[in-house]
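Shown here: structure_30.tsv, TSV, C-alpha atoms.
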chain	number	residue	atom	x	y	z
T	624	MET	CA	-20.90	10.56	23.59
T	625	THR	CA	-20.33	9.00	20.18
T	626	ILE	CA	-16.73	7.96	19.58
T	627	PRO	CA	-15.56	9.13	16.13
T	628	PRO	CA	-14.48	6.35	13.79
T	629	ARG	CA	-10.82	5.70	13.20
T	630	HIS	CA	-9.65	5.89	9.58
T	631	LEU	CA	-6.56	4.81	7.64
T	632	LEU	CA	-6.08	7.57	5.05
T	633	GLN	CA	-2.27	7.45	5.08
T	634	LEU	CA	0.24	5.36	6.99
T	635	ASN	CA	0.87	8.23	9.40
T	636	ASP	CA	-2.60	7.58	10.84
T	637	LEU	CA	-1.04	4.57	12.58
T	638	THR	CA	1.53	4.50	15.35
T	639	ARG	CA	4.51	2.18	15.62
T	640	GLU	CA	2.57	0.26	18.29
T	641	ASP	CA	-0.48	-0.01	16.01
T	642	ILE	CA	1.65	-1.53	13.26
T	643	ALA	CA	3.24	-4.03	15.63
T	644	TYR	CA	-0.25	-5.04	16.78
T	645	LEU	CA	-1.52	-5.33	13.19
T	646	PHE	CA	1.41	-7.55	12.22
T	647	GLU	CA	0.78	-9.87	15.16
T	648	ARG	CA	-2.91	-10.10	14.26
T	649	THR	CA	-1.97	-10.66	10.60
T	650	ARG	CA	0.24	-13.57	11.63
T	651	ILE	CA	-2.58	-15.14	13.65
T	652	ILE	CA	-5.25	-14.57	11.01
T	653	LYS	CA	-3.03	-15.88	8.21
T	654	ASP	CA	-2.21	-19.00	10.24
T	655	ARG	CA	-5.92	-19.67	10.76
T	656	TYR	CA	-6.54	-19.20	7.03
T	657	LYS	CA	-3.77	-21.66	6.12
T	658	ARG	CA	-5.23	-24.23	8.51
T	659	TYR	CA	-8.74	-23.76	7.05
T	660	GLU	CA	-9.96	-22.62	10.45
T	661	ARG	CA	-13.16	-20.62	10.27
T	662	TYR	CA	-12.85	-17.18	11.85
T	663	HIS	CA	-15.85	-14.83	11.57
T	664	PRO	CA	-15.34	-11.84	13.89
T	665	LEU	CA	-17.07	-9.53	11.39
T	666	ALA	CA	-20.25	-11.57	10.92
T	667	ASP	CA	-23.13	-9.32	9.80
T	668	ARG	CA	-20.72	-6.45	9.03
T	669	THR	CA	-20.70	-4.88	5.57
T	670	LEU	CA	-17.79	-3.39	3.65
T	671	VAL	CA	-18.51	-0.95	0.81
T	672	MET	CA	-15.71	-0.70	-1.76
T	673	ILE	CA	-15.75	2.45	-3.90
T	674	PHE	CA	-13.57	2.40	-7.00
T	675	GLU	CA	-12.69	5.35	-9.18
T	676	LYS	CA	-9.42	3.70	-10.25
T	677	ALA	CA	-9.40	0.20	-11.74
T	678	SER	CA	-8.05	-2.64	-9.63
T	679	THR	CA	-7.32	-6.36	-9.46
T	680	ARG	CA	-5.51	-6.99	-6.18
T	681	THR	CA	-7.29	-4.30	-4.16
T	682	ARG	CA	-10.77	-5.48	-5.03
T	683	LEU	CA	-10.00	-9.17	-4.67
T	684	SER	CA	-8.10	-8.84	-1.39
T	685	PHE	CA	-10.73	-6.67	0.29
T	686	GLU	CA	-13.74	-8.58	-1.03
T	687	ALA	CA	-12.31	-12.02	-0.27
T	688	GLY	CA	-10.96	-10.79	3.05
T	689	MET	CA	-14.29	-9.45	4.27
T	690	GLN	CA	-16.05	-12.67	3.28
T	691	GLN	CA	-13.39	-14.75	5.05
T	692	LEU	CA	-14.05	-12.72	8.20
T	693	GLY	CA	-17.74	-13.56	7.97
T	694	GLY	CA	-18.95	-10.24	6.54
T	695	ALA	CA	-20.20	-9.05	3.17
T	696	ALA	CA	-18.57	-6.77	0.60
T	697	ILE	CA	-20.37	-4.50	-1.87
T	698	TYR	CA	-18.59	-3.18	-4.97
T	699	MET	CA	-19.38	0.30	-6.24
T	700	ASN	CA	-17.81	2.01	-9.25
T	701	THR	CA	-18.10	5.78	-9.48
T	702	ARG	CA	-19.09	5.44	-13.16
T	703	ASP	CA	-22.16	3.46	-12.14
T	704	SER	CA	-23.27	5.58	-9.17
T	705	GLN	CA	-24.34	9.10	-8.37
T	706	LEU	CA	-20.75	9.85	-7.35
T	707	GLY	CA	-19.94	9.77	-11.04
T	708	ARG	CA	-22.80	12.12	-11.83
T	709	GLY	CA	-21.74	14.98	-9.61
T	710	GLU	CA	-23.17	14.06	-6.20
T	711	PRO	CA	-21.06	15.86	-3.58
T	712	VAL	CA	-18.58	13.59	-1.84
T	713	GLU	CA	-19.85	14.86	1.51
T	714	ASP	CA	-23.44	13.82	0.71
T	715	ALA	CA	-22.36	10.40	-0.52
T	716	ALA	CA	-20.38	9.87	2.68
T	717	GLN	CA	-23.38	10.72	4.85
T	718	VAL	CA	-25.61	8.22	3.02
T	719	ILE	CA	-23.17	5.37	2.40
T	720	SER	CA	-21.84	5.38	5.97
T	721	ARG	CA	-25.39	4.97	7.32
T	722	MET	CA	-25.83	1.75	5.33
T	723	CYS	CA	-22.59	-0.10	6.03
T	724	ASP	CA	-19.94	-0.65	8.70
T	725	ILE	CA	-16.69	0.23	6.91
T	726	VAL	CA	-15.68	1.81	3.59
T	727	MET	CA	-12.66	1.33	1.34
T	728	ILE	CA	-12.01	3.92	-1.38
T	729	ARG	CA	-9.59	3.71	-4.30
T	730	THR	CA	-9.49	7.08	-6.02
T	731	PHE	CA	-7.27	9.77	-7.49
T	732	GLU	CA	-6.84	12.81	-5.24
T	733	GLN	CA	-6.17	12.38	-1.53
T	734	GLU	CA	-8.52	15.29	-0.90
T	735	ILE	CA	-11.47	13.18	-2.07
T	736	ILE	CA	-10.95	10.47	0.54
T	737	GLU	CA	-10.28	13.05	3.26
T	738	ARG	CA	-13.54	14.84	2.48
T	739	PHE	CA	-15.40	11.52	2.52
T	740	ALA	CA	-13.87	10.47	5.85
T	741	ALA	CA	-14.70	13.84	7.43
T	742	HIS	CA	-18.42	13.13	6.86
T	743	SER	CA	-18.41	9.35	7.43
T	744	ARG	CA	-19.90	7.67	10.49
T	745	VAL	CA	-17.77	4.54	9.90
T	746	PRO	CA	-14.05	3.82	9.35
T	747	VAL	CA	-12.63	4.69	5.93
T	748	ILE	CA	-9.61	2.93	4.41
T	749	ASN	CA	-7.41	4.32	1.65
T	750	GLY	CA	-7.21	1.60	-1.00
T	751	LEU	CA	-4.94	3.88	-3.07
T	752	THR	CA	-4.74	7.56	-3.98
T	753	ASN	CA	-2.28	9.50	-6.10
T	754	GLU	CA	-0.45	10.43	-2.91
T	755	TYR	CA	-0.45	7.30	-0.72
T	756	HIS	CA	-0.92	3.51	-0.70
T	757	PRO	CA	-0.84	2.48	3.00
T	758	CYS	CA	-2.28	-1.02	2.62
T	759	GLN	CA	0.41	-1.95	0.11
T	760	ILE	CA	3.26	-0.90	2.37
T	761	LEU	CA	1.77	-2.68	5.37
T	762	ALA	CA	1.72	-5.86	3.26
T	763	ASP	CA	5.25	-5.24	1.97
T	764	ILE	CA	6.76	-4.74	5.41
T	765	PHE	CA	4.88	-7.71	6.85
T	766	THR	CA	6.32	-9.78	4.00
T	767	TYR	CA	9.83	-8.58	4.80
T	768	VAL	CA	9.31	-9.47	8.47
T	769	GLU	CA	8.15	-12.96	7.49
T	770	HIS	CA	11.25	-13.55	5.38
T	771	ARG	CA	14.00	-11.61	7.14
T	772	GLY	CA	12.76	-10.39	10.54
T	773	SER	CA	12.49	-6.83	11.82
T	774	ILE	CA	12.93	-4.02	9.30
T	775	GLU	CA	14.24	-1.63	11.95
T	776	GLY	CA	17.70	-0.37	11.02
T	777	ARG	CA	17.52	-1.91	7.54
T	778	THR	CA	17.87	-0.18	4.17
T	779	VAL	CA	15.23	-0.20	1.44
T	780	ALA	CA	16.18	0.85	-2.09
T	781	TRP	CA	13.39	2.48	-4.05
T	782	ILE	CA	14.16	2.64	-7.78
T	783	GLY	CA	11.92	4.61	-10.15
T	784	ASP	CA	9.15	7.15	-9.76
T	785	SER	CA	8.62	8.94	-6.43
T	786	ASN	CA	4.94	8.02	-6.53
T	787	ASN	CA	2.30	7.11	-3.94
T	788	VAL	CA	4.03	3.85	-3.02
T	789	CYS	CA	7.36	5.61	-2.59
T	790	ASN	CA	5.74	8.30	-0.41
T	791	THR	CA	4.30	5.63	1.84
T	792	TRP	CA	7.63	3.81	2.13
T	793	LEU	CA	9.09	7.11	3.35
T	794	GLN	CA	6.37	7.48	5.98
T	795	ALA	CA	7.01	3.88	7.08
T	796	ALA	CA	10.73	4.59	7.46
T	797	GLU	CA	9.97	7.40	9.90
T	798	LEU	CA	7.51	5.28	11.86
T	799	LEU	CA	9.62	2.11	12.05
T	800	ASP	CA	13.13	3.59	12.01
T	801	PHE	CA	14.72	2.30	8.83
T	802	LYS	CA	16.32	4.01	5.83
T	803	VAL	CA	15.10	4.42	2.25
T	804	HIS	CA	17.55	5.02	-0.60
T	805	VAL	CA	15.59	6.67	-3.41
T	806	SER	CA	16.83	6.89	-6.98
T	807	THR	CA	14.70	8.62	-9.58
T	808	PRO	CA	15.43	10.27	-12.92
T	809	PRO	CA	15.92	14.05	-12.81
T	810	GLY	CA	12.58	15.80	-12.39
T	811	TYR	CA	10.95	12.90	-10.53
T	812	GLU	CA	12.61	13.34	-7.13
T	813	VAL	CA	10.91	12.96	-3.75
T	814	GLU	CA	8.85	15.91	-2.55
T	815	PRO	CA	8.98	15.71	1.28
T	816	GLU	CA	5.93	17.95	1.73
T	817	ARG	CA	3.84	15.85	-0.65
T	818	ALA	CA	4.97	12.72	1.19
T	819	ASN	CA	3.94	14.45	4.46
T	820	LEU	CA	7.25	13.74	6.17
T	821	THR	CA	8.40	15.26	9.43
T	822	GLY	CA	12.06	15.37	8.32
T	823	THR	CA	14.65	13.99	5.91
T	824	ASP	CA	16.69	11.80	8.28
T	825	HIS	CA	15.25	8.51	7.06
T	826	PHE	CA	15.83	8.80	3.33
T	827	GLU	CA	18.60	9.71	0.94
T	828	GLN	CA	18.35	10.48	-2.77
T	829	PHE	CA	20.80	8.96	-5.25
T	830	PRO	CA	21.28	10.01	-8.88
T	831	ASP	CA	22.72	6.54	-9.64
T	832	PRO	CA	20.27	3.66	-9.05
T	833	HIS	CA	23.14	1.19	-8.64
T	834	GLU	CA	24.52	3.21	-5.74
T	835	ALA	CA	21.04	3.36	-4.18
T	836	CYS	CA	21.00	-0.44	-4.15
T	837	ARG	CA	24.44	-0.80	-2.57
T	838	THR	CA	24.09	-2.97	0.61
T	839	ALA	CA	20.26	-2.58	0.57
T	840	HIS	CA	18.27	-5.30	2.31
T	841	LEU	CA	15.18	-4.81	0.15
T	842	VAL	CA	14.98	-3.52	-3.43
T	843	THR	CA	11.61	-2.41	-4.74
T	844	THR	CA	10.08	-0.54	-7.65
T	845	ASP	CA	6.80	0.20	-9.41
T	846	VAL	CA	5.58	0.88	-12.93
T	847	TRP	CA	7.05	3.91	-14.67
T	848	THR	CA	3.62	5.30	-15.55
T	849	SER	CA	1.00	5.16	-12.80
T	850	MET	CA	-2.74	5.39	-13.43
T	851	GLY	CA	-3.72	8.93	-14.26
T	852	PHE	CA	-0.39	9.74	-15.92
T	853	GLU	CA	-0.91	7.84	-19.19
T	854	ALA	CA	-0.47	11.02	-21.26
T	855	GLU	CA	3.16	11.12	-20.05
T	856	ASP	CA	3.93	7.50	-20.98
T	857	ALA	CA	6.32	8.13	-23.89
T	858	GLU	CA	8.16	10.83	-21.97
T	859	ARG	CA	8.47	8.61	-18.92
T	860	ARG	CA	9.73	5.60	-20.89
T	861	ALA	CA	12.60	7.74	-22.16
T	862	ALA	CA	13.35	9.28	-18.77
T	863	PHE	CA	13.29	5.97	-16.85
T	864	ALA	CA	15.23	3.82	-19.34
T	865	ASP	CA	18.25	3.52	-17.01
T	866	TRP	CA	16.12	2.81	-13.92
T	867	GLN	CA	15.21	-0.82	-14.65
T	868	VAL	CA	15.91	-3.09	-11.69
T	869	ASP	CA	18.15	-5.72	-13.27
T	870	THR	CA	20.59	-8.42	-12.18
T	871	PRO	CA	23.63	-6.09	-11.88
T	872	MET	CA	21.57	-3.78	-9.68
T	873	MET	CA	20.51	-6.64	-7.40
T	874	LYS	CA	24.15	-7.73	-7.12
T	875	MET	CA	24.91	-4.34	-5.55
T	876	ALA	CA	22.42	-5.12	-2.76
T	877	ALA	CA	23.14	-7.25	0.30
T	878	SER	CA	23.45	-10.96	-0.42
T	879	GLU	CA	20.24	-11.64	1.55
T	880	ALA	CA	18.27	-8.83	-0.13
T	881	VAL	CA	14.76	-9.48	-1.38
T	882	PHE	CA	12.99	-7.92	-4.36
T	883	MET	CA	9.42	-6.54	-4.19
T	884	HIS	CA	6.98	-5.02	-6.65
T	885	CYS	CA	3.40	-4.01	-5.84
T	886	LEU	CA	2.21	-5.30	-9.28
T	887	PRO	CA	1.15	-5.27	-12.04
T	888	ALA	CA	4.70	-5.51	-13.38
T	889	HIS	CA	6.04	-4.87	-16.86
T	890	ARG	CA	8.99	-7.19	-17.45
T	891	GLY	CA	11.59	-5.50	-19.60
T	892	GLU	CA	10.58	-2.04	-18.37
T	893	GLU	CA	10.87	-1.27	-14.64
T	894	VAL	CA	12.15	-4.76	-13.82
T	895	GLU	CA	14.11	-7.47	-15.60
T	896	ALA	CA	12.30	-10.81	-15.87
T	897	ALA	CA	15.29	-12.56	-14.28
T	898	VAL	CA	14.80	-10.44	-11.16
T	899	ILE	CA	11.04	-10.62	-10.63
T	900	ASP	CA	11.03	-14.34	-11.49
T	901	GLY	CA	14.30	-15.05	-9.69
T	902	PRO	CA	15.17	-16.50	-6.27
T	903	GLN	CA	15.32	-13.13	-4.47
T	904	SER	CA	11.80	-12.16	-5.52
T	905	VAL	CA	9.03	-12.39	-2.91
T	906	VAL	CA	6.35	-10.66	-4.99
T	907	TRP	CA	3.81	-13.49	-4.78
T	908	ASP	CA	4.00	-13.67	-0.99
T	909	GLU	CA	3.79	-9.87	-1.01
T	910	ALA	CA	0.63	-9.97	-3.15
T	911	GLU	CA	-1.04	-12.60	-0.94
T	912	ASN	CA	-0.23	-10.67	2.20
T	913	ARG	CA	-2.46	-7.80	1.06
T	914	LEU	CA	-5.33	-10.18	1.90
T	915	HIS	CA	-4.15	-11.01	5.40
T	916	VAL	CA	-2.94	-7.54	6.44
T	917	GLN	CA	-6.20	-5.97	5.31
T	918	LYS	CA	-8.21	-8.52	7.27
T	919	ALA	CA	-6.26	-7.54	10.39
T	920	LEU	CA	-6.78	-3.87	9.55
T	921	MET	CA	-10.56	-4.18	9.13
T	922	GLU	CA	-10.80	-6.16	12.36
T	923	PHE	CA	-8.77	-3.47	14.15
T	924	LEU	CA	-10.76	-0.52	12.82
T	925	LEU	CA	-14.10	-2.16	13.64
T	926	LEU	CA	-13.38	-4.04	16.86
T	927	GLY	CA	-10.31	-2.35	18.30
T	928	ARG	CA	-7.53	-4.37	19.87
T	929	ILE	CA	-8.32	-7.98	20.66
T	930	GLU	CA	-6.44	-9.11	23.75
Would you give me this structure, written as structure tokens?
Amino acid sequence: MTIPPRHLLQLNDLTREDIAYLFERTRIIKDRYKRYERYHPLADRTLVMIFEKASTRTRLSFEAGMQQLGGAAIYMNTRDSQLGRGEPVEDAAQVISRMCDIVMIRTFEQEIIERFAAHSRVPVINGLTNEYHPCQILADIFTYVEHRGSIEGRTVAWIGDSNNVCNTWLQAAELLDFKVHVSTPPGYEVEPERANLTGTDHFEQFPDPHEACRTAHLVTTDVWTSMGFEAEDAERRAAFADWQVDTPMMKMAASEAVFMHCLPAHRGEEVEAAVIDGPQSVVWDEAENRLHVQKALMEFLLLGRIE
């Protein structure tokens, strides 16, 4: 009997134990990378990367990561393929998954990646959708663990839009038992059903972003206008004007709090330059850790647990 492939379409596809395993593998793989130790468990394996949304960090981290694991990565843009000319997602999945070992998709609607995965013979990874960004949050939490230890019982302050990154932080809080304080402008609040949460015990909404940051161990944000919402840019700039993460906001957080941003960042908009470039910022470690976490993820989805 053929065993169906395991996918990562949202963070809820992983268990708490899976995440603990992935973080331990990430630590080992990153250490080997830093010591220039060759490690090629995915030799002769091929990753196909399908992009409908533009990317810097996602493409670079997956492509470099697959090569560092001994495999090959192929870039496909929907504008330059039959996917952009109306080929059904289901047909594309049948063909592409017969010619490679693993697929990463960065697209708009979550439904697209779910339809692809339902017809794929190989693992499918969500590189970002409008609803979720699981690889980013795995990297963020691993970064927190590196700097401050376990995130269990801690408080994360999310300031800004309740977007795909926010939704995934909320899923992580349920899985790993921590709290998220969310502060958004009116009209941009969390939608628990859209975030696919099982309850509301692990997050609290705050009308005042300063109060959301009070005693938080991690403060994080994202751009005010995500890809696909450019038509709302002027409206969002006005609505989010008081939701910039600045020095007074960080002073409300715990003294050992760190600042994160998934990047790209707009200094002077969602974050003050003094914060993102200041001593509490760990954004560059956070960005690098996308590479290492995703290597551990691809190894896990293709080879299972390595004892």
With 3 Å on each side, where is the centre of the axis-aligned box around all listed atoms of stretch 806-815 of chain T, and how long are its edges in Å to one decimal, as JSON?
{"center_x": 12.8, "center_y": 11.4, "center_z": -5.8, "size_x": 14.0, "size_y": 15.0, "size_z": 20.2}
Can you check which parts of stretch 785-869 of chain T lie within 12 Å of stretch 898-904 of chain T? Per residue, the shortest pair of atoms and distance in Å to one decimal, counting all atoms listed in the file, sorted by chain and number, as CSV.
residue,atom,partner,partner_atom,distance
T:His840,CA,T:Gln903,CA,10.8
T:Leu841,CA,T:Gln903,CA,9.5
T:Val842,CA,T:Ser904,CA,9.4
T:Thr843,CA,T:Ser904,CA,9.8
T:Thr844,CA,T:Ile899,CA,10.6
T:Asp845,CA,T:Ile899,CA,11.7
T:Gln867,CA,T:Val898,CA,10.2
T:Val868,CA,T:Val898,CA,7.5
T:Asp869,CA,T:Val898,CA,6.2
* Nearby residues (only C-alpha atoms) at most 7 Å from T:His825, same-chain spacing under 6 positions excluded, as number ranges by chain -> T: 796-797, 801-803
* Structure fact -> re atom CA of T:Asn790 and atom CA of T:Gln759: distance 11.6 Å
* Asked: Which polymer residues have any atom within 8 Å of an atom of T:Phe765, counting all atoms listed in the file, with same-chain residues fewer than 3 positions away left out, as a PyMOL selection string?
  -> chain T and resi 646+761-762+768-769+912+916
Could you take the residues named above and write them with C-alpha atoms, as a short mmCIF file (atom, residue, chain, number, x, y, z; two decimals), keeping the file's coordinate frame?
data_model
loop_
_atom_site.label_atom_id
_atom_site.label_comp_id
_atom_site.auth_asym_id
_atom_site.auth_seq_id
_atom_site.Cartn_x
_atom_site.Cartn_y
_atom_site.Cartn_z
CA PHE T 646 1.41 -7.55 12.22
CA LEU T 761 1.77 -2.68 5.37
CA ALA T 762 1.72 -5.86 3.26
CA VAL T 768 9.31 -9.47 8.47
CA GLU T 769 8.15 -12.96 7.49
CA ASN T 912 -0.23 -10.67 2.20
CA VAL T 916 -2.94 -7.54 6.44
#
So which residues touch T:Arg702 within 12 Å, counting only C-alpha atoms, skipping near sequence neighbours fewer than 5 positions away, as an mmCIF file with C-alpha atoms, in the coordinates of the input?
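Here's the written file out-v6.cif:
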data_model
loop_
_atom_site.group_PDB
_atom_site.id
_atom_site.type_symbol
_atom_site.label_atom_id
_atom_site.label_comp_id
_atom_site.auth_asym_id
_atom_site.auth_seq_id
_atom_site.Cartn_x
_atom_site.Cartn_y
_atom_site.Cartn_z
ATOM 1 C CA ILE T 673 -15.750 2.450 -3.900
ATOM 2 C CA PHE T 674 -13.570 2.400 -7.000
ATOM 3 C CA GLU T 675 -12.690 5.350 -9.180
ATOM 4 C CA LYS T 676 -9.420 3.700 -10.250
ATOM 5 C CA ALA T 677 -9.400 0.200 -11.740
ATOM 6 C CA GLY T 707 -19.940 9.770 -11.040
ATOM 7 C CA ARG T 708 -22.800 12.120 -11.830
ATOM 8 C CA GLY T 709 -21.740 14.980 -9.610
ATOM 9 C CA GLU T 710 -23.170 14.060 -6.200
#
Just write stretch 803-824 of chain T with N, CA and C atoms, as a tab-separated table (two decimals), in the first residue's frame, taken from the block above.
chain	number	residue	atom	x	y	z
T	803	VAL	N	-0.78	35.14	22.84
T	803	VAL	CA	-0.55	36.20	21.87
T	803	VAL	C	-1.48	37.36	22.21
T	804	HIS	N	-0.88	38.54	22.42
T	804	HIS	CA	-1.64	39.78	22.57
T	804	HIS	C	-1.71	40.43	21.18
T	805	VAL	N	-2.89	40.59	20.66
T	805	VAL	CA	-3.07	41.14	19.32
T	805	VAL	C	-3.67	42.53	19.41
T	806	SER	N	-3.04	43.49	18.75
T	806	SER	CA	-3.62	44.83	18.66
T	806	SER	C	-3.67	45.25	17.20
T	807	THR	N	-4.87	45.50	16.73
T	807	THR	CA	-5.09	45.93	15.35
T	807	THR	C	-5.99	47.15	15.36
T	808	PRO	N	-5.98	47.94	14.30
T	808	PRO	CA	-6.96	49.02	14.19
T	808	PRO	C	-8.37	48.43	14.06
T	809	PRO	N	-9.39	49.21	14.39
T	809	PRO	CA	-10.77	48.73	14.21
T	809	PRO	C	-11.01	48.29	12.77
T	810	GLY	N	-11.66	47.14	12.61
T	810	GLY	CA	-11.94	46.61	11.29
T	810	GLY	C	-10.91	45.62	10.79
T	811	TYR	N	-9.81	45.46	11.53
T	811	TYR	CA	-8.74	44.54	11.11
T	811	TYR	C	-8.49	43.47	12.17
T	812	GLU	N	-9.48	43.21	13.01
T	812	GLU	CA	-9.32	42.28	14.12
T	812	GLU	C	-9.16	40.83	13.64
T	813	VAL	N	-8.68	40.00	14.56
T	813	VAL	CA	-8.53	38.57	14.31
T	813	VAL	C	-9.89	37.94	14.01
T	814	GLU	N	-9.89	37.04	13.03
T	814	GLU	CA	-11.06	36.23	12.73
T	814	GLU	C	-10.71	34.78	13.09
T	815	PRO	N	-11.15	34.29	14.25
T	815	PRO	CA	-10.74	32.95	14.70
T	815	PRO	C	-11.02	31.85	13.69
T	816	GLU	N	-12.14	31.93	12.97
T	816	GLU	CA	-12.44	30.88	11.99
T	816	GLU	C	-11.45	30.92	10.83
T	817	ARG	N	-11.10	32.11	10.38
T	817	ARG	CA	-10.12	32.23	9.29
T	817	ARG	C	-8.75	31.73	9.73
T	818	ALA	N	-8.43	31.97	11.00
T	818	ALA	CA	-7.15	31.49	11.53
T	818	ALA	C	-7.18	29.99	11.83
T	819	ASN	N	-8.38	29.38	11.75
T	819	ASN	CA	-8.56	27.94	11.99
T	819	ASN	C	-8.13	27.56	13.40
T	820	LEU	N	-8.65	28.32	14.38
T	820	LEU	CA	-8.33	28.07	15.77
T	820	LEU	C	-9.36	27.15	16.40
T	821	THR	N	-8.95	26.45	17.44
T	821	THR	CA	-9.89	25.58	18.15
T	821	THR	C	-10.57	26.31	19.29
T	822	GLY	N	-10.04	27.47	19.69
T	822	GLY	CA	-10.63	28.24	20.78
T	822	GLY	C	-10.01	29.63	20.82
T	823	THR	N	-10.29	30.35	21.91
T	823	THR	CA	-9.77	31.72	22.06
T	823	THR	C	-8.96	31.88	23.34
T	824	ASP	N	-8.55	30.78	23.95
T	824	ASP	CA	-7.85	30.83	25.23
T	824	ASP	C	-6.42	31.33	25.11
